[in-house]
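Student: Below is one structure. I have some questions about it.
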There are 2 protein chains.
Amino acid sequence: MKRNTWQREAVRGALDANDGFVSAQALHSALHATGSPIGLATVYRALADLAVKGDADSLQSPEGESLYRACSTNLHHHHLICRNCGLTVEIEADAVERWAKDVAAQNGFTQAAHVVDVFGLCAACTAKAAASA
Amino acid sequence: MKRNTWQREAVRGALDANDGFVSAQALHSALHATGSPIGLATVYRALADLAVKGDADSLQSPEGESLYRACSTNLHHHHLICRNCGLTVEIEADAVERWAKDVAAQNGFTQAAHVVDVFGLCAACTAKAAASA
DNA sequence: GGGTTACTTGAGAAGTGTTCTCGATCACGT
DNA sequence: ACGTGATCGAGAACACTTCTCAAGTAACCC
């Protein structure tokens with residue numbers, strides 16, 4: 001049996017309200033800030049569930065934190081992420097998909113999964129950085 | 001000033017002796033197994049140094065551990081990694097490099113870095129898995 | 001070689017992010 | 001409304017990594 005609890009809804013809502021990738025801890029803080037007494041463990045559980053169900057994407061930041069995001073599609077895709085403000089653009093990468101599959105096959109590898117993410121500075125943050133430099 | 005200590009040599013040697021990516025902890029255990037009384041903190045420090053100097057590549061496993069490997073080239077390249085035995089193949093990916101740069105530029109992103117790694121089962125492990133299934 | 005200096009080491013403490021434990025709680029089917 | 005078992009939450013437990021600091025020692029100078 002699978003229950004619907006306000007906690008799960010709250011996590012999903014907080015995720016939807018966020019444009020970029022957020023860490024579990026950030027999400028927990030955000031929820032607390034709105035007065036929700038949800039527990040940290042529950043946030044982790046809810047995020048893991050969402051990720052498994054395909055309702056959320058997860059990736060590891062370069063710093064090793066797990067970040068989550070509610071993506072607009074369940075289809076396989078990748079991300080272009082601003083390392084300053086977290087702005088995220090979903091990108092398709094048929095070429096990369098093919099390349100990953102080919103290179104795996106050429107080396108006798110099976111069950112190939114791939115990690116492909118691009119981190120950079122978005123236009124706004126680039127401008128800001130230039131102005132302050 | 002930068003000193004040469006047997007500890008640093010030991011870490012570099014252990015890394016060279018290993019074909020695939022290894023975790024700092026695994027390297028520490030391996031060194032201890034050979035009788036070396038090197039400390040864990042020192043292994044971490046040595047690995048970080050090697051990574052900075054470009055003598056080792058580092059990446060994060062899907063489980064969140066930091067893995068290190070002595071690569072045959074200092075040039076930018078990517079990896080095809082067996083998630084079972086750790087066997088690693090260095091792969092070039094000019095097409096992916098271009099794609100990453102293009103997609104970043106198209107979205108106004110600058111200072112684009114990318115994470116591109118392919119995890120799979122190597123031929124040997126695929127055969128083993130099939131045999132045991 | 002002996003002395004000096006300051007980089008390096010190592011054991012353990014501390015820090016960080018995540019998962020687990022377990023009694024209390026509460027959603028859901030009846 | 002009731003019973004059941006999934007879910008919650010606080011804190012403990014964990015795993016990995018980094019920090020602290022006294023002791024050790026490589027490199028330089030003479």
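The way I read the labels, and the way they are meant: chains A, B, ... in the order of the structure tokens, residue 1 as the first residue of every chain, and ligand 1 as the first ligand shown, with later ones counted on from there.
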Please report, as a tab-separated table, each residue of chain A lying at most 10 Å from chain C, together with the nearest pair of atoms and the separation in Å rounded to one decimal; use only C-alpha atoms (C1' of nucleotides), and order rows by chain and ascending residue number.

Tutor:
```
residue	atom	partner	partner_atom	distance
A:Met1	CA	C:DC28	C1'	8.9
A:Lys2	CA	C:DC28	C1'	9.3
A:Arg3	CA	C:DA27	C1'	6.3
A:Asn4	CA	C:DA27	C1'	7.2
A:Thr5	CA	C:DA27	C1'	7.5
A:Ala24	CA	C:DG17	C1'	9.4
A:Gln25	CA	C:DG17	C1'	8.7
A:Ala41	CA	C:DT19	C1'	8.2
A:Tyr44	CA	C:DT18	C1'	8.1
A:Arg45	CA	C:DT19	C1'	9.5
A:Gly64	CA	C:DG17	C1'	8.8
A:Glu65	CA	C:DG17	C1'	7.1
A:Ser66	CA	C:DG17	C1'	8.7
```

Student: Mind the document's chain letters and residue numbers, and return as a VMD selection string the residues of chain B that DSSP labels strand (DSSP E or B).

Tutor: chain B and resid 22 to 23 57 to 60 66 to 69 78 to 82 88 to 91 110 to 121

Student: Keeping only N, CA, C and O atoms, write those residues as a short mmCIF file (atom, residue, chain, number, x, y, z; two decimals), in the first residue's frame.

Tutor:
```cif
data_model
loop_
_atom_site.label_atom_id
_atom_site.label_comp_id
_atom_site.auth_asym_id
_atom_site.auth_seq_id
_atom_site.Cartn_x
_atom_site.Cartn_y
_atom_site.Cartn_z
N VAL B 22 40.18 3.59 -8.27
CA VAL B 22 40.11 3.07 -6.91
C VAL B 22 39.78 4.20 -5.95
O VAL B 22 40.13 5.35 -6.19
N SER B 23 39.15 3.84 -4.87
CA SER B 23 38.82 4.84 -3.87
C SER B 23 40.03 5.06 -2.98
O SER B 23 40.93 4.24 -2.89
N ASP B 57 43.61 11.26 -12.43
CA ASP B 57 42.26 11.71 -12.71
C ASP B 57 41.36 11.31 -11.55
O ASP B 57 41.58 10.28 -10.93
N SER B 58 40.38 12.12 -11.29
CA SER B 58 39.45 11.74 -10.22
C SER B 58 38.04 11.89 -10.74
O SER B 58 37.76 12.72 -11.60
N LEU B 59 37.18 11.06 -10.22
CA LEU B 59 35.77 11.19 -10.55
C LEU B 59 34.98 10.63 -9.39
O LEU B 59 35.52 9.97 -8.51
N GLN B 60 33.69 10.92 -9.38
CA GLN B 60 32.85 10.41 -8.32
C GLN B 60 32.08 9.20 -8.82
O GLN B 60 31.44 9.26 -9.86
N SER B 66 34.82 9.24 -4.00
CA SER B 66 35.79 9.81 -4.93
C SER B 66 36.75 8.71 -5.36
O SER B 66 37.35 8.04 -4.54
N LEU B 67 36.87 8.55 -6.66
CA LEU B 67 37.76 7.52 -7.18
C LEU B 67 38.92 8.17 -7.91
O LEU B 67 38.78 9.24 -8.51
N TYR B 68 40.07 7.51 -7.87
CA TYR B 68 41.26 8.06 -8.51
C TYR B 68 41.90 7.04 -9.44
O TYR B 68 41.75 5.85 -9.27
N ARG B 69 42.64 7.57 -10.40
CA ARG B 69 43.31 6.68 -11.34
C ARG B 69 44.48 7.41 -11.97
O ARG B 69 44.40 8.61 -12.26
N HIS B 78 37.88 11.11 -21.44
CA HIS B 78 36.82 10.57 -20.60
C HIS B 78 37.03 9.08 -20.37
O HIS B 78 38.00 8.51 -20.85
N HIS B 79 36.09 8.47 -19.63
CA HIS B 79 36.30 7.08 -19.24
C HIS B 79 35.08 6.21 -19.45
O HIS B 79 33.95 6.66 -19.30
N LEU B 80 35.40 4.97 -19.78
CA LEU B 80 34.38 3.93 -19.87
C LEU B 80 34.76 2.94 -18.78
O LEU B 80 35.84 2.36 -18.80
N ILE B 81 33.87 2.80 -17.80
CA ILE B 81 34.23 2.10 -16.57
C ILE B 81 33.31 0.91 -16.31
O ILE B 81 32.08 1.05 -16.38
N CYS B 82 33.90 -0.22 -16.00
CA CYS B 82 33.10 -1.38 -15.64
C CYS B 82 32.65 -1.22 -14.19
O CYS B 82 33.48 -1.10 -13.30
N THR B 88 38.91 0.08 -16.67
CA THR B 88 38.66 1.39 -17.23
C THR B 88 39.31 1.54 -18.59
O THR B 88 40.45 1.14 -18.79
N VAL B 89 38.56 2.10 -19.51
CA VAL B 89 39.09 2.38 -20.83
C VAL B 89 39.05 3.88 -21.04
O VAL B 89 38.03 4.52 -20.80
N GLU B 90 40.18 4.43 -21.47
CA GLU B 90 40.18 5.86 -21.74
C GLU B 90 39.62 6.10 -23.13
O GLU B 90 39.98 5.42 -24.08
N ILE B 91 38.72 7.05 -23.23
CA ILE B 91 38.11 7.30 -24.52
C ILE B 91 38.23 8.77 -24.89
O ILE B 91 38.18 9.66 -24.04
N THR B 110 28.86 30.38 -20.12
CA THR B 110 30.30 30.49 -20.33
C THR B 110 31.01 29.58 -19.32
O THR B 110 30.38 29.03 -18.42
N GLN B 111 32.29 29.46 -19.49
CA GLN B 111 33.10 28.66 -18.58
C GLN B 111 32.51 27.27 -18.40
O GLN B 111 32.38 26.77 -17.27
N ALA B 112 32.15 26.67 -19.52
CA ALA B 112 31.50 25.38 -19.46
C ALA B 112 32.50 24.26 -19.15
O ALA B 112 33.54 24.13 -19.80
N ALA B 113 32.18 23.50 -18.13
CA ALA B 113 32.92 22.28 -17.84
C ALA B 113 31.91 21.15 -17.98
O ALA B 113 30.70 21.39 -17.91
N HIS B 114 32.38 19.96 -18.21
CA HIS B 114 31.39 18.90 -18.34
C HIS B 114 31.85 17.62 -17.66
O HIS B 114 33.03 17.36 -17.50
N VAL B 115 30.87 16.87 -17.27
CA VAL B 115 31.09 15.57 -16.64
C VAL B 115 30.54 14.55 -17.60
O VAL B 115 29.33 14.54 -17.87
N VAL B 116 31.40 13.74 -18.16
CA VAL B 116 30.96 12.74 -19.13
C VAL B 116 31.65 11.43 -18.82
O VAL B 116 32.86 11.30 -18.99
N ASP B 117 30.91 10.48 -18.30
CA ASP B 117 31.48 9.18 -18.04
C ASP B 117 30.45 8.10 -18.35
O ASP B 117 29.25 8.31 -18.16
N VAL B 118 30.95 6.98 -18.83
CA VAL B 118 30.06 5.90 -19.20
C VAL B 118 30.36 4.71 -18.28
O VAL B 118 31.50 4.27 -18.18
N PHE B 119 29.33 4.24 -17.60
CA PHE B 119 29.47 3.07 -16.75
C PHE B 119 28.75 1.89 -17.40
O PHE B 119 27.67 2.06 -17.97
N GLY B 120 29.36 0.73 -17.34
CA GLY B 120 28.70 -0.43 -17.92
C GLY B 120 29.32 -1.70 -17.37
O GLY B 120 29.99 -1.67 -16.35
N LEU B 121 29.07 -2.80 -18.04
CA LEU B 121 29.70 -4.06 -17.66
C LEU B 121 30.65 -4.44 -18.78
O LEU B 121 30.25 -4.52 -19.94
#
```

Student: Residues of chain D were defined as contacting chain B if any atom lay at most 12 Å from it, counting only C-alpha atoms (C1' of nucleotides); please report them as a list of chain:residue names.

Tutor: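 That gives D:DA15, D:DC16, D:DT17, D:DT18, D:DC19, D:DT20, D:DG24, D:DT25, D:DA26, D:DA27, D:DC28 for chain D.
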
Student: Could you take the residues named above and write them with N, CA and C atoms (P, O5', C5', C4', C3', O3' and C1' of nucleotides), as a PDB file, in the first residue's frame?

Tutor:
```pdb
ATOM      1  P    DA D  15      29.646   2.187   8.061  1.00  0.00           P
ATOM      2  O5'  DA D  15      29.963   3.229   6.904  1.00  0.00           O
ATOM      3  C5'  DA D  15      28.990   3.473   5.883  1.00  0.00           C
ATOM      4  C4'  DA D  15      29.534   4.510   4.938  1.00  0.00           C
ATOM      5  C3'  DA D  15      31.029   4.341   4.650  1.00  0.00           C
ATOM      6  O3'  DA D  15      31.263   4.610   3.282  1.00  0.00           O
ATOM      7  C1'  DA D  15      30.634   6.459   5.654  1.00  0.00           C
ATOM      8  P    DC D  16      32.733   4.365   2.704  1.00  0.00           P
ATOM      9  O5'  DC D  16      33.218   5.849   2.453  1.00  0.00           O
ATOM     10  C5'  DC D  16      32.393   6.718   1.673  1.00  0.00           C
ATOM     11  C4'  DC D  16      32.858   8.142   1.867  1.00  0.00           C
ATOM     12  C3'  DC D  16      34.354   8.369   1.621  1.00  0.00           C
ATOM     13  O3'  DC D  16      34.475   9.345   0.600  1.00  0.00           O
ATOM     14  C1'  DC D  16      33.631   9.420   3.628  1.00  0.00           C
ATOM     15  P    DT D  17      35.921   9.731   0.029  1.00  0.00           P
ATOM     16  O5'  DT D  17      36.229  11.047   0.849  1.00  0.00           O
ATOM     17  C5'  DT D  17      35.263  12.088   0.868  1.00  0.00           C
ATOM     18  C4'  DT D  17      35.672  13.179   1.811  1.00  0.00           C
ATOM     19  C3'  DT D  17      37.120  13.647   1.670  1.00  0.00           C
ATOM     20  O3'  DT D  17      37.094  15.009   1.294  1.00  0.00           O
ATOM     21  C1'  DT D  17      36.527  13.342   3.955  1.00  0.00           C
ATOM     22  P    DT D  18      38.461  15.814   1.094  1.00  0.00           P
ATOM     23  O5'  DT D  18      38.586  16.572   2.489  1.00  0.00           O
ATOM     24  C5'  DT D  18      37.495  17.349   2.937  1.00  0.00           C
ATOM     25  C4'  DT D  18      37.804  17.944   4.293  1.00  0.00           C
ATOM     26  C3'  DT D  18      39.150  18.655   4.369  1.00  0.00           C
ATOM     27  O3'  DT D  18      38.929  19.915   4.994  1.00  0.00           O
ATOM     28  C1'  DT D  18      38.960  17.085   6.129  1.00  0.00           C
ATOM     29  P    DC D  19      40.126  20.930   5.233  1.00  0.00           P
ATOM     30  O5'  DC D  19      40.325  20.848   6.817  1.00  0.00           O
ATOM     31  C5'  DC D  19      39.175  20.939   7.652  1.00  0.00           C
ATOM     32  C4'  DC D  19      39.573  20.791   9.117  1.00  0.00           C
ATOM     33  C3'  DC D  19      40.832  21.564   9.505  1.00  0.00           C
ATOM     34  O3'  DC D  19      40.569  22.211  10.737  1.00  0.00           O
ATOM     35  C1'  DC D  19      41.085  19.269  10.045  1.00  0.00           C
ATOM     36  P    DT D  20      41.666  23.185  11.357  1.00  0.00           P
ATOM     37  O5'  DT D  20      42.325  22.263  12.488  1.00  0.00           O
ATOM     38  C5'  DT D  20      41.478  21.608  13.417  1.00  0.00           C
ATOM     39  C4'  DT D  20      42.316  21.011  14.534  1.00  0.00           C
ATOM     40  C3'  DT D  20      43.575  21.810  14.874  1.00  0.00           C
ATOM     41  O3'  DT D  20      43.759  21.771  16.285  1.00  0.00           O
ATOM     42  C1'  DT D  20      44.195  19.632  14.228  1.00  0.00           C
ATOM     43  P    DG D  24      58.819  11.838  17.544  1.00  0.00           P
ATOM     44  O5'  DG D  24      58.917  11.933  15.957  1.00  0.00           O
ATOM     45  C5'  DG D  24      57.947  11.236  15.163  1.00  0.00           C
ATOM     46  C4'  DG D  24      58.249  11.450  13.688  1.00  0.00           C
ATOM     47  C3'  DG D  24      59.723  11.237  13.315  1.00  0.00           C
ATOM     48  O3'  DG D  24      59.750  10.542  12.070  1.00  0.00           O
ATOM     49  C1'  DG D  24      59.040  13.407  12.667  1.00  0.00           C
ATOM     50  P    DT D  25      61.159   9.958  11.504  1.00  0.00           P
ATOM     51  O5'  DT D  25      61.488  11.027  10.374  1.00  0.00           O
ATOM     52  C5'  DT D  25      60.564  11.248   9.317  1.00  0.00           C
ATOM     53  C4'  DT D  25      61.091  12.354   8.403  1.00  0.00           C
ATOM     54  C3'  DT D  25      62.601  12.246   8.141  1.00  0.00           C
ATOM     55  O3'  DT D  25      62.859  12.701   6.829  1.00  0.00           O
ATOM     56  C1'  DT D  25      62.108  14.343   8.981  1.00  0.00           C
ATOM     57  P    DA D  26      63.463  11.623   5.753  1.00  0.00           P
ATOM     58  O5'  DA D  26      63.477  12.523   4.434  1.00  0.00           O
ATOM     59  C5'  DA D  26      62.231  12.926   3.875  1.00  0.00           C
ATOM     60  C4'  DA D  26      62.356  14.292   3.244  1.00  0.00           C
ATOM     61  C3'  DA D  26      63.583  14.475   2.354  1.00  0.00           C
ATOM     62  O3'  DA D  26      63.205  15.263   1.233  1.00  0.00           O
ATOM     63  C1'  DA D  26      63.681  16.024   4.156  1.00  0.00           C
ATOM     64  P    DA D  27      64.179  15.463   0.020  1.00  0.00           P
ATOM     65  O5'  DA D  27      64.687  16.943   0.269  1.00  0.00           O
ATOM     66  C5'  DA D  27      63.734  18.002   0.256  1.00  0.00           C
ATOM     67  C4'  DA D  27      64.428  19.301   0.634  1.00  0.00           C
ATOM     68  C3'  DA D  27      65.735  19.565  -0.112  1.00  0.00           C
ATOM     69  O3'  DA D  27      65.715  20.895  -0.593  1.00  0.00           O
ATOM     70  C1'  DA D  27      66.085  19.739   2.214  1.00  0.00           C
ATOM     71  P    DC D  28      66.847  21.349  -1.619  1.00  0.00           P
ATOM     72  O5'  DC D  28      67.543  22.526  -0.821  1.00  0.00           O
ATOM     73  C5'  DC D  28      66.712  23.468  -0.135  1.00  0.00           C
ATOM     74  C4'  DC D  28      67.533  24.187   0.914  1.00  0.00           C
ATOM     75  C3'  DC D  28      68.921  24.619   0.422  1.00  0.00           C
ATOM     76  O3'  DC D  28      69.064  26.018   0.607  1.00  0.00           O
ATOM     77  C1'  DC D  28      69.074  23.518   2.526  1.00  0.00           C
TER      78       DC D  28
END
```

Student: In Å to one decimal, how far is atom CA of A:Ala30 from atom CA of A:Ala56?

Tutor: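 For atom CA of A:Ala56 relative to atom CA of A:Ala30, the distance reads 17.6 Å.
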
Student: If we count only C-alpha atoms (C1' of nucleotides), what is near A:Ile38 at a cut-off of 8 Å, once residues fewer than 3 positions away on the same chain are taken out, given as a PyMOL selection string?

Tutor: (chain A and resi 7+28+31-32+42-43) or (chain D and resi 9)

Student: As a PyMOL selection string, please: every residue in stretch 21-132 of chain B that a backbone DSSP assignment puts in alpha helix (DSSP H).

Tutor: chain B and resi 24-33+40-53+94-106+123-132

Student: What does the structure give for the distance between atom C1' of D:DT7 and atom CA of A:Ala33, in Å to one decimal?

Tutor: 22.7 Å

Student: Work out how far apart atom CA of A:Glu9 and atom CA of A:Thr34 are and give it in Å to one decimal.

Tutor: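 Distance between the two atoms: 14.0 Å.
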
Student: Please provide the set of residues having any atom within 9 Å of B:Val96, restricted to only C-alpha atoms (C1' of nucleotides), with same-chain residues fewer than 6 positions apart removed, written as a ChimeraX atom specification.

Tutor: /A:95-96,99 /B:116
